[in-house]
Amino acid sequence: QVQLVESGGGLVQAGGSLRLSCAASGRTFSSYTMGWFRQVPGKERAFVAALRWSGASTSYADSVKGRFTISRDSAKNTVYLQMNSLKPEDTAVYYCAATGRWTTFPIPTIHLAREYDDWGQGTQVTVSS
């Protein structure tokens, strides 16, 4: 069973940086796609970024392109989300997600939460103005 544990959230001023981590266990992730989503109260989870574990291909939401970077450390089975130039509108609970169902990357519905099978518990990121 896949387990995902996020860490690294916190409070930061606008313009600052944070790095989120997602420690993954329970599977061999070489054929997996890993994603980051975020959610604010009253709204659906929104896609942030995704990474194909093998080859490290990436995809980003337009709202974070150029500011956020998703990466992975295979030795540590950990996925990271480096967030720079943070804005108050980046405030949300950030979730790590995973799926082993895809045979290609990216797929047209990469941004949909339903495409991912496993989720972490989330970590709060708050950006003050």
# chains A, B, ... in the order shown; residues from 1 in each chain; ligands from 1
>>> residues_around(residues="range 108-121 of chain A", least_positions_apart="6", cutoff="6 Å", atoms="only C-alpha atoms", output="CSV table (one decimal) with N, CA, C and O atoms, in the first residue's frame")
chain,number,residue,atom,x,y,z
A,4,LEU,N,2.1,8.2,1.5
A,4,LEU,CA,2.7,9.5,1.2
A,4,LEU,C,2.6,10.4,2.4
A,4,LEU,O,1.5,10.6,3.0
A,5,VAL,N,3.7,11.0,2.8
A,5,VAL,CA,3.8,11.9,4.0
A,5,VAL,C,4.4,13.2,3.6
A,5,VAL,O,5.6,13.2,3.2
A,47,PHE,N,-4.7,21.4,-9.4
A,47,PHE,CA,-3.4,20.9,-9.8
A,47,PHE,C,-2.3,21.9,-9.7
A,47,PHE,O,-2.5,23.1,-10.1
A,95,TYR,N,-1.2,19.0,-1.1
A,95,TYR,CA,-1.3,17.5,-1.1
A,95,TYR,C,-0.4,16.9,-2.1
A,95,TYR,O,-0.3,17.3,-3.2
A,96,CYS,N,0.3,15.8,-1.7
A,96,CYS,CA,1.1,15.0,-2.6
A,96,CYS,C,0.1,13.9,-3.0
A,96,CYS,O,-0.7,13.4,-2.3
A,97,ALA,N,0.3,13.5,-4.3
A,97,ALA,CA,-0.6,12.4,-4.9
A,97,ALA,C,0.3,11.5,-5.8
A,97,ALA,O,1.3,11.9,-6.3
A,98,ALA,N,-0.2,10.3,-6.0
A,98,ALA,CA,0.5,9.4,-6.8
A,98,ALA,C,-0.4,8.5,-7.6
A,98,ALA,O,-1.6,8.2,-7.2
A,99,THR,N,0.0,8.0,-8.8
A,99,THR,CA,-0.7,7.0,-9.5
A,99,THR,C,0.3,6.2,-10.3
A,99,THR,O,1.2,6.7,-10.8
>>> residues_around(residues="range 29-42 of chain A", least_positions_apart="4", cutoff="8 Å", atoms="only C-alpha atoms", output="ChimeraX atom specification")
/A:46-54,77,79,81,91-103,113
>>> write_last_selection(atoms="N, CA, C and O atoms", output="compact mmCIF listing (two decimals), in the first residue's frame")
# COMPACT_ATOMS: atom_id res chain seq x y z
N ALA A 46 -6.77 21.78 -6.61
CA ALA A 46 -6.26 22.32 -7.87
C ALA A 46 -4.87 21.77 -8.16
O ALA A 46 -4.02 21.70 -7.26
N PHE A 47 -4.66 21.41 -9.39
CA PHE A 47 -3.37 20.88 -9.83
C PHE A 47 -2.28 21.93 -9.72
O PHE A 47 -2.49 23.09 -10.08
N VAL A 48 -1.12 21.50 -9.25
CA VAL A 48 0.04 22.39 -9.16
C VAL A 48 1.15 21.91 -10.09
O VAL A 48 1.64 22.66 -10.94
N ALA A 49 1.54 20.65 -9.92
CA ALA A 49 2.65 20.12 -10.72
C ALA A 49 2.63 18.61 -10.66
O ALA A 49 2.04 18.02 -9.76
N ALA A 50 3.28 17.99 -11.66
CA ALA A 50 3.39 16.53 -11.68
C ALA A 50 4.73 16.15 -12.28
O ALA A 50 5.35 16.92 -13.04
N LEU A 51 5.15 14.95 -11.92
CA LEU A 51 6.46 14.46 -12.35
C LEU A 51 6.37 12.98 -12.64
O LEU A 51 5.76 12.22 -11.86
N ARG A 52 6.95 12.58 -13.75
CA ARG A 52 7.08 11.16 -14.06
C ARG A 52 8.34 10.67 -13.40
O ARG A 52 9.44 11.18 -13.68
N TRP A 53 8.21 9.70 -12.47
CA TRP A 53 9.35 9.29 -11.68
C TRP A 53 10.52 8.84 -12.56
O TRP A 53 11.66 9.26 -12.34
N SER A 54 10.22 8.02 -13.56
CA SER A 54 11.27 7.56 -14.47
C SER A 54 11.49 8.61 -15.55
O SER A 54 10.56 8.92 -16.30
N ASN A 77 13.37 8.16 -2.09
CA ASN A 77 11.95 7.97 -2.40
C ASN A 77 11.14 9.20 -1.99
O ASN A 77 10.06 9.09 -1.38
N VAL A 79 9.68 13.16 -3.14
CA VAL A 79 9.36 14.15 -4.15
C VAL A 79 9.34 15.52 -3.47
O VAL A 79 8.84 15.64 -2.34
N LEU A 81 8.68 19.89 -3.80
CA LEU A 81 8.10 21.02 -4.50
C LEU A 81 8.79 22.27 -3.96
O LEU A 81 8.52 22.70 -2.84
N THR A 91 -1.52 30.53 -0.80
CA THR A 91 -1.95 29.98 0.48
C THR A 91 -2.96 28.86 0.27
O THR A 91 -3.96 29.04 -0.42
N ALA A 92 -2.68 27.69 0.83
CA ALA A 92 -3.54 26.53 0.65
C ALA A 92 -2.98 25.36 1.46
O ALA A 92 -1.85 25.43 1.96
N VAL A 93 -3.74 24.30 1.53
CA VAL A 93 -3.21 23.01 1.97
C VAL A 93 -2.67 22.31 0.74
O VAL A 93 -3.38 22.18 -0.27
N TYR A 94 -1.44 21.88 0.81
CA TYR A 94 -0.79 21.23 -0.32
C TYR A 94 -0.76 19.72 -0.09
O TYR A 94 -0.36 19.25 0.99
N TYR A 95 -1.18 18.98 -1.12
CA TYR A 95 -1.28 17.54 -1.06
C TYR A 95 -0.35 16.89 -2.08
O TYR A 95 -0.28 17.33 -3.24
N CYS A 96 0.29 15.84 -1.66
CA CYS A 96 1.06 14.98 -2.56
C CYS A 96 0.14 13.86 -3.05
O CYS A 96 -0.69 13.35 -2.27
N ALA A 97 0.28 13.48 -4.31
CA ALA A 97 -0.56 12.44 -4.89
C ALA A 97 0.28 11.53 -5.78
O ALA A 97 1.34 11.94 -6.26
N ALA A 98 -0.23 10.33 -6.01
CA ALA A 98 0.51 9.37 -6.82
C ALA A 98 -0.44 8.49 -7.60
O ALA A 98 -1.57 8.21 -7.16
N THR A 99 0.02 8.04 -8.76
CA THR A 99 -0.72 7.04 -9.53
C THR A 99 0.26 6.19 -10.31
O THR A 99 1.25 6.70 -10.84
N GLY A 100 -0.06 4.92 -10.40
CA GLY A 100 0.74 4.00 -11.20
C GLY A 100 0.01 3.55 -12.44
O GLY A 100 0.48 2.65 -13.15
N ARG A 101 -1.13 4.22 -12.75
CA ARG A 101 -1.98 3.74 -13.86
C ARG A 101 -1.54 4.23 -15.22
O ARG A 101 -1.86 3.67 -16.24
N TRP A 102 -0.80 5.35 -15.25
CA TRP A 102 -0.49 5.93 -16.55
C TRP A 102 0.65 5.19 -17.23
O TRP A 102 1.64 4.85 -16.62
N THR A 103 0.52 5.01 -18.55
CA THR A 103 1.62 4.44 -19.32
C THR A 103 2.33 5.49 -20.14
O THR A 103 3.39 5.22 -20.71
N ALA A 113 -7.84 15.63 -10.14
CA ALA A 113 -7.53 14.86 -8.94
C ALA A 113 -7.95 13.40 -9.07
O ALA A 113 -7.31 12.52 -8.50
>>> closest_residue(among="A:Thr123, A:Ser25, A:Thr104, A:Ser71", to="Val2 in chain A", atoms="only C-alpha atoms")
A:Ser25
>>> closest_residue(among="A:Gly10, A:Phe105, A:Gln1, A:Arg27", to="Asp90 in chain A", atoms="only C-alpha atoms")
A:Gly10
>>> residues_around(residues="Asn84 in chain A", least_positions_apart="3", cutoff="10 Å", atoms="only C-alpha atoms", output="number ranges by chain")
A: 14-19, 64, 66-69, 81, 87
>>> write_last_selection(atoms="all heavy atoms", output="short mmCIF file (atom, residue, chain, number, x, y, z; two decimals), in the first residue's frame")
data_model
loop_
_atom_site.label_atom_id
_atom_site.label_comp_id
_atom_site.auth_asym_id
_atom_site.auth_seq_id
_atom_site.Cartn_x
_atom_site.Cartn_y
_atom_site.Cartn_z
N ALA A 14 5.25 37.08 1.61
CA ALA A 14 5.20 37.16 0.15
C ALA A 14 6.60 37.43 -0.40
O ALA A 14 7.36 38.23 0.16
CB ALA A 14 4.24 38.26 -0.28
N GLY A 15 6.92 36.73 -1.48
CA GLY A 15 8.25 36.83 -2.07
C GLY A 15 9.23 35.80 -1.54
O GLY A 15 10.31 35.63 -2.11
N GLY A 16 8.86 35.12 -0.49
CA GLY A 16 9.73 34.12 0.11
C GLY A 16 9.63 32.76 -0.56
O GLY A 16 8.96 32.61 -1.60
N SER A 17 10.30 31.79 0.04
CA SER A 17 10.39 30.44 -0.52
C SER A 17 10.10 29.39 0.54
O SER A 17 10.34 29.61 1.73
CB SER A 17 11.78 30.19 -1.10
OG SER A 17 12.08 31.08 -2.14
N LEU A 18 9.59 28.27 0.08
CA LEU A 18 9.43 27.08 0.90
C LEU A 18 9.72 25.87 0.03
O LEU A 18 9.51 25.91 -1.19
CB LEU A 18 8.00 26.96 1.44
CG LEU A 18 7.59 27.77 2.67
CD1 LEU A 18 6.11 27.56 2.95
CD2 LEU A 18 8.42 27.41 3.89
N ARG A 19 10.16 24.79 0.67
CA ARG A 19 10.30 23.52 -0.04
C ARG A 19 9.48 22.47 0.68
O ARG A 19 9.71 22.17 1.86
CB ARG A 19 11.76 23.07 -0.11
CG ARG A 19 11.91 21.85 -1.03
CD ARG A 19 13.35 21.39 -1.18
NE ARG A 19 13.81 20.63 -0.02
CZ ARG A 19 14.86 19.81 -0.06
NH1 ARG A 19 15.54 19.66 -1.19
NH2 ARG A 19 15.24 19.18 1.04
N VAL A 64 1.84 28.58 -11.64
CA VAL A 64 3.08 28.39 -10.88
C VAL A 64 4.31 28.24 -11.77
O VAL A 64 5.43 28.15 -11.25
CB VAL A 64 2.98 27.18 -9.93
CG1 VAL A 64 1.76 27.29 -9.04
CG2 VAL A 64 2.98 25.86 -10.69
N GLY A 66 7.54 28.79 -13.67
CA GLY A 66 8.60 29.76 -13.46
C GLY A 66 8.86 30.08 -12.00
O GLY A 66 9.87 30.70 -11.67
N ARG A 67 7.95 29.66 -11.12
CA ARG A 67 8.13 29.92 -9.68
C ARG A 67 8.32 28.63 -8.89
O ARG A 67 9.06 28.62 -7.91
CB ARG A 67 6.91 30.66 -9.12
CG ARG A 67 6.66 32.01 -9.77
CD ARG A 67 5.59 32.78 -9.02
NE ARG A 67 4.30 32.10 -9.01
CZ ARG A 67 3.63 31.78 -7.91
NH1 ARG A 67 4.12 32.09 -6.71
NH2 ARG A 67 2.45 31.19 -8.00
N PHE A 68 7.63 27.56 -9.29
CA PHE A 68 7.68 26.29 -8.57
C PHE A 68 8.45 25.27 -9.40
O PHE A 68 8.39 25.27 -10.63
CB PHE A 68 6.28 25.74 -8.32
CG PHE A 68 5.46 26.52 -7.32
CD1 PHE A 68 5.84 27.76 -6.85
CD2 PHE A 68 4.25 25.99 -6.86
CE1 PHE A 68 5.08 28.48 -5.95
CE2 PHE A 68 3.47 26.67 -5.95
CZ PHE A 68 3.89 27.92 -5.50
N THR A 69 9.13 24.36 -8.70
CA THR A 69 9.86 23.29 -9.36
C THR A 69 9.59 21.98 -8.63
O THR A 69 9.79 21.90 -7.41
CB THR A 69 11.37 23.56 -9.37
OG1 THR A 69 11.62 24.80 -10.02
CG2 THR A 69 12.10 22.44 -10.11
N LEU A 81 8.68 19.89 -3.80
CA LEU A 81 8.10 21.02 -4.50
C LEU A 81 8.79 22.27 -3.96
O LEU A 81 8.52 22.70 -2.84
CB LEU A 81 6.59 21.12 -4.30
CG LEU A 81 5.91 22.22 -5.11
CD1 LEU A 81 5.96 21.89 -6.61
CD2 LEU A 81 4.46 22.43 -4.66
N LYS A 87 3.26 34.00 -3.35
CA LYS A 87 2.25 35.05 -3.33
C LYS A 87 1.16 34.67 -2.32
O LYS A 87 0.96 33.48 -2.06
CB LYS A 87 1.62 35.20 -4.71
CG LYS A 87 2.60 35.44 -5.83
CD LYS A 87 1.90 35.44 -7.18
CE LYS A 87 2.88 35.64 -8.32
NZ LYS A 87 2.21 35.62 -9.64
#
>>> closest_residue(among="A:Thr78, A:Ser129, A:Ser85, A:Ser59", to="Ile107 in chain A", atoms="only C-alpha atoms")
A:Ser59
>>> atom_distance(atom1="CA of Lys76 in chain A", atom2="CA of Cys22 in chain A")
10.1 Å
>>> closest_residue(among="A:Pro106, A:Pro88, A:Gly55, A:Gly122", to="Ser7 in chain A", atoms="only C-alpha atoms")
A:Gly122
>>> select_by_dssp(residues="chain A", states="strand (DSSP E or B)", output="ChimeraX atom specification")
/A:3-7,10-13,18-25,33-39,46-52,58-60,68-73,78-83,92-99,118-119,123-128
>>> decode(residues="range 46-82 of chain A", atoms="N, CA and C atoms", output="JSON list (two decimals), in the first residue's frame")
[["chain", "number", "residue", "atom", "x", "y", "z"],
["A", 46, "ALA", "N", -6.77, 21.78, -6.61],
["A", 46, "ALA", "CA", -6.26, 22.32, -7.87],
["A", 46, "ALA", "C", -4.87, 21.77, -8.16],
["A", 47, "PHE", "N", -4.66, 21.41, -9.39],
["A", 47, "PHE", "CA", -3.37, 20.88, -9.83],
["A", 47, "PHE", "C", -2.28, 21.93, -9.72],
["A", 48, "VAL", "N", -1.12, 21.50, -9.25],
["A", 48, "VAL", "CA", 0.04, 22.39, -9.16],
["A", 48, "VAL", "C", 1.15, 21.91, -10.09],
["A", 49, "ALA", "N", 1.54, 20.65, -9.92],
["A", 49, "ALA", "CA", 2.65, 20.12, -10.72],
["A", 49, "ALA", "C", 2.63, 18.61, -10.66],
["A", 50, "ALA", "N", 3.28, 17.99, -11.66],
["A", 50, "ALA", "CA", 3.39, 16.53, -11.68],
["A", 50, "ALA", "C", 4.73, 16.15, -12.28],
["A", 51, "LEU", "N", 5.15, 14.95, -11.92],
["A", 51, "LEU", "CA", 6.46, 14.46, -12.35],
["A", 51, "LEU", "C", 6.37, 12.98, -12.64],
["A", 52, "ARG", "N", 6.95, 12.58, -13.75],
["A", 52, "ARG", "CA", 7.08, 11.16, -14.06],
["A", 52, "ARG", "C", 8.34, 10.67, -13.40],
["A", 53, "TRP", "N", 8.21, 9.70, -12.47],
["A", 53, "TRP", "CA", 9.35, 9.29, -11.68],
["A", 53, "TRP", "C", 10.52, 8.84, -12.56],
["A", 54, "SER", "N", 10.22, 8.02, -13.56],
["A", 54, "SER", "CA", 11.27, 7.56, -14.47],
["A", 54, "SER", "C", 11.49, 8.61, -15.55],
["A", 55, "GLY", "N", 12.64, 9.18, -15.61],
["A", 55, "GLY", "CA", 12.92, 10.20, -16.61],
["A", 55, "GLY", "C", 12.71, 11.61, -16.13],
["A", 56, "ALA", "N", 11.90, 11.75, -15.05],
["A", 56, "ALA", "CA", 11.71, 13.06, -14.41],
["A", 56, "ALA", "C", 11.07, 14.10, -15.31],
["A", 57, "SER", "N", 10.26, 13.69, -16.27],
["A", 57, "SER", "CA", 9.47, 14.68, -17.04],
["A", 57, "SER", "C", 8.51, 15.38, -16.10],
["A", 58, "THR", "N", 8.23, 16.65, -16.39],
["A", 58, "THR", "CA", 7.40, 17.44, -15.48],
["A", 58, "THR", "C", 6.29, 18.18, -16.22],
["A", 59, "SER", "N", 5.29, 18.58, -15.45],
["A", 59, "SER", "CA", 4.20, 19.39, -15.96],
["A", 59, "SER", "C", 3.76, 20.33, -14.85],
["A", 60, "TYR", "N", 3.37, 21.57, -15.23],
["A", 60, "TYR", "CA", 3.03, 22.58, -14.24],
["A", 60, "TYR", "C", 1.74, 23.30, -14.60],
["A", 61, "ALA", "N", 1.03, 23.72, -13.57],
["A", 61, "ALA", "CA", -0.09, 24.64, -13.79],
["A", 61, "ALA", "C", 0.48, 25.99, -14.23],
["A", 62, "ASP", "N", -0.26, 26.69, -15.07],
["A", 62, "ASP", "CA", 0.21, 27.99, -15.56],
["A", 62, "ASP", "C", 0.48, 28.96, -14.42],
["A", 63, "SER", "N", -0.29, 28.86, -13.36],
["A", 63, "SER", "CA", -0.17, 29.81, -12.25],
["A", 63, "SER", "C", 1.14, 29.69, -11.48],
["A", 64, "VAL", "N", 1.84, 28.58, -11.64],
["A", 64, "VAL", "CA", 3.08, 28.39, -10.88],
["A", 64, "VAL", "C", 4.31, 28.24, -11.77],
["A", 65, "LYS", "N", 4.13, 28.22, -13.07],
["A", 65, "LYS", "CA", 5.27, 28.07, -13.98],
["A", 65, "LYS", "C", 6.28, 29.18, -13.74],
["A", 66, "GLY", "N", 7.54, 28.79, -13.67],
["A", 66, "GLY", "CA", 8.60, 29.76, -13.46],
["A", 66, "GLY", "C", 8.86, 30.08, -12.00],
["A", 67, "ARG", "N", 7.95, 29.66, -11.12],
["A", 67, "ARG", "CA", 8.13, 29.92, -9.68],
["A", 67, "ARG", "C", 8.32, 28.63, -8.89],
["A", 68, "PHE", "N", 7.63, 27.56, -9.29],
["A", 68, "PHE", "CA", 7.68, 26.29, -8.57],
["A", 68, "PHE", "C", 8.45, 25.27, -9.40],
["A", 69, "THR", "N", 9.13, 24.36, -8.70],
["A", 69, "THR", "CA", 9.86, 23.29, -9.36],
["A", 69, "THR", "C", 9.59, 21.98, -8.63],
["A", 70, "ILE", "N", 9.14, 20.98, -9.38],
["A", 70, "ILE", "CA", 8.95, 19.65, -8.81],
["A", 70, "ILE", "C", 10.15, 18.79, -9.18],
["A", 71, "SER", "N", 10.60, 17.99, -8.22],
["A", 71, "SER", "CA", 11.76, 17.13, -8.46],
["A", 71, "SER", "C", 11.64, 15.91, -7.56],
["A", 72, "ARG", "N", 12.54, 14.96, -7.77],
["A", 72, "ARG", "CA", 12.51, 13.76, -6.93],
["A", 72, "ARG", "C", 13.93, 13.29, -6.66],
["A", 73, "ASP", "N", 14.06, 12.64, -5.50],
["A", 73, "ASP", "CA", 15.31, 11.99, -5.12],
["A", 73, "ASP", "C", 15.00, 10.50, -5.01],
["A", 74, "SER", "N", 15.43, 9.74, -5.99],
["A", 74, "SER", "CA", 15.10, 8.31, -6.02],
["A", 74, "SER", "C", 15.71, 7.56, -4.85],
["A", 75, "ALA", "N", 16.88, 7.96, -4.42],
["A", 75, "ALA", "CA", 17.53, 7.27, -3.30],
["A", 75, "ALA", "C", 16.73, 7.41, -2.01],
["A", 76, "LYS", "N", 16.04, 8.54, -1.88],
["A", 76, "LYS", "CA", 15.26, 8.80, -0.67],
["A", 76, "LYS", "C", 13.77, 8.54, -0.87],
["A", 77, "ASN", "N", 13.37, 8.16, -2.09],
["A", 77, "ASN", "CA", 11.95, 7.97, -2.40],
["A", 77, "ASN", "C", 11.14, 9.20, -1.99],
["A", 78, "THR", "N", 11.64, 10.34, -2.33],
["A", 78, "THR", "CA", 11.03, 11.60, -1.91],
["A", 78, "THR", "C", 10.84, 12.52, -3.11],
["A", 79, "VAL", "N", 9.68, 13.16, -3.14],
["A", 79, "VAL", "CA", 9.36, 14.15, -4.15],
["A", 79, "VAL", "C", 9.34, 15.52, -3.47],
["A", 80, "TYR", "N", 9.84, 16.52, -4.17],
["A", 80, "TYR", "CA", 9.92, 17.86, -3.60],
["A", 80, "TYR", "C", 9.11, 18.84, -4.45],
["A", 81, "LEU", "N", 8.68, 19.89, -3.80],
["A", 81, "LEU", "CA", 8.10, 21.02, -4.50],
["A", 81, "LEU", "C", 8.79, 22.27, -3.96],
["A", 82, "GLN", "N", 9.70, 22.81, -4.76],
["A", 82, "GLN", "CA", 10.38, 24.04, -4.40],
["A", 82, "GLN", "C", 9.51, 25.20, -4.85]]
